[in-house]
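A.B. asks: A single structure is presented below for examination.
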Amino acid sequence: MVDWVPRNGVWPDGIMFVFDGGVLPSGQFDQIRLQSDEIASIKYFTLNEIAPRARPSMARRLHACVEALAVGRPLYLNFGRGAKGSVL
């Protein structure tokens, strides 16, 4: 999925790419070892659980990622919204 992100303060507009990393096999979650000086903890959320915790543009982007998986093709978004001719 490719998403155009508008300028934000001192940061210019940009392009955000989201890649499908696949599915973590059962039992492998417990084998993850965090770098304590970089990451304090991790938690997995369902799409419905993450939406109220994320910025609206990120929630839209995550929903679009699920849509891209369903259609089997990357999508092009405009700040988390489908753009005209959005299927790449």
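Convention: chains lettered A, B, ... in structure tokens order; per-chain residue numbering from 1; ligands numbered from 1 as shown.
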Would you list, as an NGL selection string, the residues of chain A that end up in helix (DSSP H, G or I) under DSSP run on this structure's backbone?
C.D. replies: :A and (29-31 or 47-53 or 56-71)
A.B. asks: Output the selection as a PDB file, in the first residue's frame - N, CA and C atoms for each residue.
C.D. replies:
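What landed in again-v4.pdb:
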```
ATOM      1  N   PHE A  29       5.239 -15.753  18.820  1.00  0.00           N
ATOM      2  CA  PHE A  29       5.144 -14.479  19.526  1.00  0.00           C
ATOM      3  C   PHE A  29       5.948 -14.522  20.831  1.00  0.00           C
ATOM      4  N   ASP A  30       5.853 -15.634  21.563  1.00  0.00           N
ATOM      5  CA  ASP A  30       6.553 -15.764  22.842  1.00  0.00           C
ATOM      6  C   ASP A  30       8.067 -15.849  22.682  1.00  0.00           C
ATOM      7  N   GLN A  31       8.551 -16.090  21.484  1.00  0.00           N
ATOM      8  CA  GLN A  31       9.986 -16.194  21.242  1.00  0.00           C
ATOM      9  C   GLN A  31      10.630 -14.854  20.890  1.00  0.00           C
ATOM     10  N   LEU A  47      -7.987  -4.761  14.356  1.00  0.00           N
ATOM     11  CA  LEU A  47      -8.245  -3.512  13.645  1.00  0.00           C
ATOM     12  C   LEU A  47      -9.223  -2.631  14.428  1.00  0.00           C
ATOM     13  N   ASN A  48     -10.259  -3.235  14.994  1.00  0.00           N
ATOM     14  CA  ASN A  48     -11.233  -2.468  15.776  1.00  0.00           C
ATOM     15  C   ASN A  48     -10.633  -1.937  17.073  1.00  0.00           C
ATOM     16  N   GLU A  49      -9.700  -2.659  17.669  1.00  0.00           N
ATOM     17  CA  GLU A  49      -9.073  -2.202  18.914  1.00  0.00           C
ATOM     18  C   GLU A  49      -8.100  -1.055  18.680  1.00  0.00           C
ATOM     19  N   ILE A  50      -7.416  -1.058  17.539  1.00  0.00           N
ATOM     20  CA  ILE A  50      -6.399  -0.032  17.296  1.00  0.00           C
ATOM     21  C   ILE A  50      -7.001   1.290  16.831  1.00  0.00           C
ATOM     22  N   ALA A  51      -8.139   1.255  16.165  1.00  0.00           N
ATOM     23  CA  ALA A  51      -8.727   2.477  15.589  1.00  0.00           C
ATOM     24  C   ALA A  51      -8.871   3.623  16.596  1.00  0.00           C
ATOM     25  N   PRO A  52      -9.415   3.404  17.804  1.00  0.00           N
ATOM     26  CA  PRO A  52      -9.535   4.533  18.728  1.00  0.00           C
ATOM     27  C   PRO A  52      -8.205   4.972  19.335  1.00  0.00           C
ATOM     28  N   ARG A  53      -7.160   4.171  19.200  1.00  0.00           N
ATOM     29  CA  ARG A  53      -5.852   4.497  19.760  1.00  0.00           C
ATOM     30  C   ARG A  53      -4.936   5.203  18.752  1.00  0.00           C
ATOM     31  N   PRO A  56      -6.600   9.424  13.156  1.00  0.00           N
ATOM     32  CA  PRO A  56      -7.576   9.051  12.123  1.00  0.00           C
ATOM     33  C   PRO A  56      -6.939   8.638  10.799  1.00  0.00           C
ATOM     34  N   SER A  57      -5.877   9.342  10.376  1.00  0.00           N
ATOM     35  CA  SER A  57      -5.229   8.981   9.110  1.00  0.00           C
ATOM     36  C   SER A  57      -4.594   7.593   9.190  1.00  0.00           C
ATOM     37  N   MET A  58      -4.029   7.229  10.344  1.00  0.00           N
ATOM     38  CA  MET A  58      -3.436   5.899  10.509  1.00  0.00           C
ATOM     39  C   MET A  58      -4.520   4.829  10.547  1.00  0.00           C
ATOM     40  N   ALA A  59      -5.634   5.114  11.212  1.00  0.00           N
ATOM     41  CA  ALA A  59      -6.740   4.151  11.241  1.00  0.00           C
ATOM     42  C   ALA A  59      -7.257   3.901   9.824  1.00  0.00           C
ATOM     43  N   ARG A  60      -7.400   4.970   9.034  1.00  0.00           N
ATOM     44  CA  ARG A  60      -7.834   4.809   7.630  1.00  0.00           C
ATOM     45  C   ARG A  60      -6.822   3.976   6.853  1.00  0.00           C
ATOM     46  N   ARG A  61      -5.540   4.252   7.084  1.00  0.00           N
ATOM     47  CA  ARG A  61      -4.474   3.523   6.379  1.00  0.00           C
ATOM     48  C   ARG A  61      -4.521   2.043   6.726  1.00  0.00           C
ATOM     49  N   LEU A  62      -4.718   1.713   7.994  1.00  0.00           N
ATOM     50  CA  LEU A  62      -4.779   0.309   8.409  1.00  0.00           C
ATOM     51  C   LEU A  62      -5.983  -0.402   7.801  1.00  0.00           C
ATOM     52  N   HIS A  63      -7.124   0.263   7.763  1.00  0.00           N
ATOM     53  CA  HIS A  63      -8.301  -0.327   7.112  1.00  0.00           C
ATOM     54  C   HIS A  63      -8.019  -0.565   5.627  1.00  0.00           C
ATOM     55  N   ALA A  64      -7.318   0.370   4.988  1.00  0.00           N
ATOM     56  CA  ALA A  64      -6.976   0.217   3.573  1.00  0.00           C
ATOM     57  C   ALA A  64      -6.017  -0.953   3.370  1.00  0.00           C
ATOM     58  N   CYS A  65      -5.138  -1.188   4.329  1.00  0.00           N
ATOM     59  CA  CYS A  65      -4.230  -2.334   4.226  1.00  0.00           C
ATOM     60  C   CYS A  65      -5.013  -3.644   4.198  1.00  0.00           C
ATOM     61  N   VAL A  66      -6.020  -3.742   5.041  1.00  0.00           N
ATOM     62  CA  VAL A  66      -6.861  -4.940   5.052  1.00  0.00           C
ATOM     63  C   VAL A  66      -7.609  -5.065   3.722  1.00  0.00           C
ATOM     64  N   GLU A  67      -8.083  -3.939   3.196  1.00  0.00           N
ATOM     65  CA  GLU A  67      -8.761  -3.950   1.898  1.00  0.00           C
ATOM     66  C   GLU A  67      -7.805  -4.415   0.791  1.00  0.00           C
ATOM     67  N   ALA A  68      -6.550  -3.926   0.838  1.00  0.00           N
ATOM     68  CA  ALA A  68      -5.560  -4.320  -0.169  1.00  0.00           C
ATOM     69  C   ALA A  68      -5.317  -5.827  -0.130  1.00  0.00           C
ATOM     70  N   LEU A  69      -5.280  -6.396   1.069  1.00  0.00           N
ATOM     71  CA  LEU A  69      -5.123  -7.850   1.177  1.00  0.00           C
ATOM     72  C   LEU A  69      -6.315  -8.567   0.555  1.00  0.00           C
ATOM     73  N   ALA A  70      -7.511  -8.018   0.784  1.00  0.00           N
ATOM     74  CA  ALA A  70      -8.723  -8.655   0.260  1.00  0.00           C
ATOM     75  C   ALA A  70      -8.770  -8.631  -1.260  1.00  0.00           C
ATOM     76  N   VAL A  71      -8.345  -7.521  -1.877  1.00  0.00           N
ATOM     77  CA  VAL A  71      -8.394  -7.440  -3.339  1.00  0.00           C
ATOM     78  C   VAL A  71      -7.145  -8.033  -3.982  1.00  0.00           C
TER      79      VAL A  71
END
```
A.B. asks: May I have the residues within 10 Å of segment 7-15 of chain A as a PDB file with N, CA and C atoms, in the first residue's frame, using only C-alpha atoms and disregarding those fewer than 5 positions away in the same chain?
C.D. replies:
```pdb
ATOM      1  N   VAL A   2       0.505   2.210  -0.757  1.00  0.00           N
ATOM      2  CA  VAL A   2       1.245   3.463  -0.877  1.00  0.00           C
ATOM      3  C   VAL A   2       0.308   4.593  -0.471  1.00  0.00           C
ATOM      4  N   TYR A  76      -3.249   2.774  -3.719  1.00  0.00           N
ATOM      5  CA  TYR A  76      -2.650   4.092  -3.598  1.00  0.00           C
ATOM      6  C   TYR A  76      -3.650   4.980  -2.875  1.00  0.00           C
ATOM      7  N   LEU A  77      -3.212   5.585  -1.774  1.00  0.00           N
ATOM      8  CA  LEU A  77      -4.089   6.414  -0.959  1.00  0.00           C
ATOM      9  C   LEU A  77      -3.635   7.859  -0.962  1.00  0.00           C
ATOM     10  N   ASN A  78      -4.548   8.705  -0.544  1.00  0.00           N
ATOM     11  CA  ASN A  78      -4.283  10.122  -0.378  1.00  0.00           C
ATOM     12  C   ASN A  78      -4.598  10.444   1.088  1.00  0.00           C
ATOM     13  N   PHE A  79      -3.564  10.408   1.945  1.00  0.00           N
ATOM     14  CA  PHE A  79      -3.687  10.634   3.377  1.00  0.00           C
ATOM     15  C   PHE A  79      -4.680   9.659   4.014  1.00  0.00           C
TER      16      PHE A  79
END
```
A.B. asks: Would you please work out which residue, of A:Leu75, A:Arg55, A:Gly82, A:Gly22, is nearest to Met1 of chain A when using only C-alpha atoms?
C.D. replies: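 Answer, going by the shortest atom-to-atom distance: A:Leu75.
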A.B. asks: Please, what distance in Å, to one decimal, runs between atom CA of Arg81 of chain A and atom CA of Val18 of chain A?
C.D. replies: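 These two atoms are separated by 14.2 Å.
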A.B. asks: One number please: atom CA of Tyr44 of chain A to atom CA of Gly21 of chain A, in Å, one decimal.
C.D. replies: 14.1 Å
A.B. asks: For Met16 of chain A, which residue among A:Ile39, A:Ala54, A:Arg73, A:Asp3 is the nearest when counting only C-alpha atoms?
C.D. replies: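 The answer is A:Asp3, which sits nearest to Met16 of chain A.
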